[in-house]
Each structure stands twice: as structure tokens, then as C-alpha cells.
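S.K.: Supplied in C-alpha cells, the structure appears directly below.
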Amino acid sequence: MKRFEWVEHPSDIGFRAFGRDLAEAFESAALALFEVMVDTGAVEPREMIEVELEAEDGKALLYDWLDKLIYFRDSDNKVFSKFDVKITKAKKGLRLSATARGETFNPSKHTERTAVKAMTYHMMEIDERLGNCYVQAVVDI
């Protein structure tokens with residue numbers, strides 16, 4: 001199964017990310033997000049950060065997950081290439097427990113691509129089917 005594909009957008013960058021379940025689709029979405037910014041093939045999983053989030057629904061959780069990863073890129077200069085996501089039901093929606101593995105961005109090692117300014121809800125989709133799930137997102141560049 002392919003991890004993600006690009007989605008046409010006139011001014012920003014969109015992607016559709018795939019997985020066998022919602023958690024795997026969120027992992028693929030994180031990989032697509034960082035592929036927008038760098039060549040993730042050059043990012044070694046040397047450091048790990050943990051992320052815990054809760055949101056009222058899948059779209060809000062996807063937004064918060066990718067927004068948190070953008071925050072780590074902007075504030076700590078981190079880029080990631082490996083993700084492990086678990087999604088469970090919470091009292092008021094969904095809970096995400098995840099790890100992201102990567103390293104500090106190094107311009108001599110990592111080919112910089114497009115800077116991502118922010119997450120958006122524009123064209124966001126989630127389609128969950130047994131054994132075949134996708135999420136779609138657009139990032140502001």
C-alpha cells in the first residue's frame with residue numbers, strides 16, 4: 001500500500017495519506033507533511049518526541065497532530081521520518097498517543113524543500129473503512 005499521494009491545490013500543498021486504520025493513516029500523513037519540507041530519506045530517527053492529544057473528532061485530531069509537528073519544526077528545528085501513532089476513544093472524542101523520531105535539521109545533510117506555515121481545515125477529509133483508511137489535508141505554504 002502506498003503511504004500517500006499529492007492532491008492538487010492552486011496555492012497550497014495537499015496530500016492524501018493511507019493506512020489500514022486511522023492510526024496508520026495519521027502516521028502516513030505525518031510522513032507526507034515532512035516530505036513537503038525535507039527529503040525524509042535523509043532524516044535519521046536519532047531522537048524521539050512524545051505527543052499526547054485529545055480532540056472532539058477525527059478532523060480536529062488530525063489538525064492538532066500535524067499542527068504539533070509543525071510546531072516542533074518551527075520551535076525546535078526538528079524534522080522527523082518515523083512515526084508510531086495510537087488512537088483510542090476518549091471521554092469527549094478521540095485520544096492520540098504518538099512518538100515521532102528524527103533529528104535536528106541540518107542544511108548540509110537535509111535537502112530543504114517547501115516551508116510549511118500552518119495547518120488548515122481546507123479540503124480535510126477522513127474516510128475510515130475496515131482495512132482501508134485515508135486522511136486528506138492541505139497545508140498553508
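Following the order of the C-alpha cells, chains are lettered A, B, ..., residues in each are numbered from 1, and ligands are numbered from 1.
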Using only C-alpha atoms, I'd like a table of the residues in range 90-134 of chain A that come within 6 Å of range 25-46 of chain A; for each, show the closest atom pair and its distance in Å rounded to one decimal, ordered by chain and ascending number, as a tab-separated table.
M.R.:
```
residue	atom	partner	partner_atom	distance
A:Arg101	CA	A:Pro45	CA	4.6
A:Gly102	CA	A:Pro45	CA	4.0
A:Glu103	CA	A:Arg46	CA	5.7
A:Thr111	CA	A:Val38	CA	5.6
A:Glu112	CA	A:Val38	CA	4.8
A:Arg113	CA	A:Met37	CA	4.8
A:Thr114	CA	A:Met37	CA	4.9
A:Ala115	CA	A:Met37	CA	5.7
A:Tyr134	CA	A:Ala25	CA	5.7
```
S.K.: Can you pull out every residue from chain A that DSSP, working from the backbone, puts in strand (DSSP E or B), and format the result as a VMD selection string?
M.R.: chain A and resid 4 to 7 13 to 19 38 47 to 55 78 to 90 93 to 104 112 118 to 119 125 to 129 132 to 140
S.K.: Just asking: which residues within range 30-137 of chain A are helix (DSSP H, G or I) according to DSSP, as a PyMOL selection string?
M.R.: chain A and resi 30-37+40-42+58-76
S.K.: May I ask which of the residues A:Gly58, A:Tyr71, A:Ser11, A:His110 is the closest one to Lys89 in chain A, counting only C-alpha atoms?
M.R.: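 Smallest distance to Lys89 in chain A is found for A:Gly58.
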S.K.: Find the residues around Glu54 in chain A up to 7 Å (only C-alpha atoms counted), leave out those fewer than 5 positions away in its own chain, and share them as JSON, numbers by chain.
M.R.: {"A": [61, 94, 95, 96]}
S.K.: Between CA of Gly131 in chain A and CA of Arg3 in chain A, measure the distance and give it in Å to one decimal.
M.R.: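 Rounded to one decimal, the two atoms are 14.0 Å apart.
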S.K.: So, with only C-alpha atoms as the atoms that count, which of A:Ala23, A:Leu69, A:Leu130, A:Met119 lies closest to Asp84 in chain A?
M.R.: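 Nearest to Asp84 in chain A: A:Ala23.
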S.K.: Find the residues near Asn77 in chain A: any atom within 6 Å, counting only C-alpha atoms, skip ones fewer than 2 places away on the same chain, and give them as a list of chain:residue names.
M.R.: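 The residues that qualify are A:Arg73, A:Asp74, A:Ser75, A:Thr104, A:Phe105.
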S.K.: Taking 4 positions as the minimum chain separation for residues in the same chain, which residues sit within 9 Å of Lys117 in chain A when counting only C-alpha atoms? Answer as a list in words.
M.R.: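 My list of contacting residues is Ile70, Asp74, Val139, Asp140 and Ile141 of chain A.
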S.K.: Limited to N, CA and C atoms, could you put the picked residues into a file as a short mmCIF file (atom, residue, chain, number, x, y, z; two decimals), in the first residue's frame?
M.R.:
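Just written: selection.cif:
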```
data_model
loop_
_atom_site.label_atom_id
_atom_site.label_comp_id
_atom_site.auth_asym_id
_atom_site.auth_seq_id
_atom_site.Cartn_x
_atom_site.Cartn_y
_atom_site.Cartn_z
N ILE A 70 4.37 20.59 13.12
CA ILE A 70 4.87 21.86 12.54
C ILE A 70 5.50 22.70 13.65
N ASP A 74 9.20 24.31 13.70
CA ASP A 74 9.43 25.76 13.82
C ASP A 74 10.16 26.14 15.10
N VAL A 139 -1.87 21.97 3.66
CA VAL A 139 -1.04 22.84 4.49
C VAL A 139 -0.80 24.16 3.78
N ASP A 140 -0.76 25.22 4.55
CA ASP A 140 -0.51 26.56 4.05
C ASP A 140 1.00 26.73 3.87
N ILE A 141 1.40 27.12 2.65
CA ILE A 141 2.83 27.31 2.38
C ILE A 141 3.14 28.76 2.06
#
```
S.K.: Closest to Glu52 in chain A among A:Ser97, A:Phe15, A:Lys2, A:Arg20, using only C-alpha atoms?
M.R.: A:Ser97
S.K.: List the spatial neighbours of Met123 in chain A as a compact mmCIF listing (two decimals) with all heavy atoms, in the first residue's frame - criterion: any atom at most 10 Å away, only C-alpha atoms, same-chain residues fewer than 4 positions off excluded.
M.R.:
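Just written: around-v9.txt:
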```txt
# COMPACT_ATOMS: atom_id res chain seq x y z
N VAL A 7 -2.29 15.93 -3.59
CA VAL A 7 -3.62 16.38 -4.01
C VAL A 7 -3.47 17.76 -4.62
O VAL A 7 -2.83 18.64 -4.04
CB VAL A 7 -4.59 16.42 -2.80
CG1 VAL A 7 -5.91 17.04 -3.19
CG2 VAL A 7 -4.79 15.02 -2.22
N HIS A 9 -3.86 21.48 -5.60
CA HIS A 9 -4.36 22.67 -4.93
C HIS A 9 -3.73 23.87 -5.62
O HIS A 9 -2.54 23.84 -5.93
CB HIS A 9 -4.02 22.66 -3.44
CG HIS A 9 -4.75 23.70 -2.68
ND1 HIS A 9 -4.35 25.01 -2.61
CD2 HIS A 9 -5.91 23.62 -1.97
CE1 HIS A 9 -5.20 25.70 -1.89
NE2 HIS A 9 -6.16 24.87 -1.48
N GLY A 14 -1.53 19.88 -0.83
CA GLY A 14 -2.43 18.91 -0.22
C GLY A 14 -1.90 17.51 -0.40
O GLY A 14 -1.14 17.22 -1.34
N PHE A 15 -2.32 16.62 0.51
CA PHE A 15 -1.94 15.22 0.38
C PHE A 15 -3.05 14.34 0.93
O PHE A 15 -3.84 14.76 1.77
CB PHE A 15 -0.61 14.93 1.10
CG PHE A 15 -0.55 15.41 2.53
CD1 PHE A 15 -1.08 14.66 3.56
CD2 PHE A 15 0.04 16.63 2.83
CE1 PHE A 15 -1.02 15.11 4.86
CE2 PHE A 15 0.11 17.08 4.14
CZ PHE A 15 -0.43 16.32 5.16
N GLN A 136 -7.06 13.24 4.45
CA GLN A 136 -6.58 14.24 3.48
C GLN A 136 -6.44 15.56 4.19
O GLN A 136 -7.27 15.93 5.03
CB GLN A 136 -7.59 14.36 2.35
CG GLN A 136 -7.19 15.38 1.29
CD GLN A 136 -8.13 15.33 0.11
OE1 GLN A 136 -8.15 14.35 -0.62
NE2 GLN A 136 -8.92 16.37 -0.08
N ALA A 137 -5.38 16.29 3.87
CA ALA A 137 -5.12 17.57 4.49
C ALA A 137 -4.44 18.50 3.50
O ALA A 137 -3.82 18.06 2.53
CB ALA A 137 -4.23 17.40 5.72
N VAL A 138 -4.56 19.79 3.76
CA VAL A 138 -3.89 20.83 2.99
C VAL A 138 -3.12 21.69 3.98
O VAL A 138 -3.65 22.08 5.02
CB VAL A 138 -4.90 21.70 2.20
CG1 VAL A 138 -4.21 22.88 1.54
CG2 VAL A 138 -5.62 20.85 1.15
```
S.K.: What is the CA of Ile87 in chain A-CA of Leu62 in chain A distance in Å, reported with one decimal?
M.R.: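 Going from CA of Ile87 in chain A over to CA of Leu62 in chain A, I get 10.7 Å.
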S.K.: If we count only C-alpha atoms and set the cut-off at 7 Å, which residues sit around Glu50 in chain A, ignoring sequence neighbours fewer than 6 positions away in its own chain? Please answer as a list in words.
M.R.: Ala98, Thr99 and Ala100 of chain A
S.K.: What gap, in Å, lies between CA of Gly93 in chain A and CA of Ala118 in chain A?
M.R.: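 Straight-line distance from CA of Gly93 in chain A to CA of Ala118 in chain A works out to 23.4 Å.
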S.K.: Point out the residue among A:Ala90, A:Phe18, A:Ile13, A:Lys109 with the least atom-to-atom distance to Met1 in chain A, counting only C-alpha atoms.
M.R.: A:Phe18
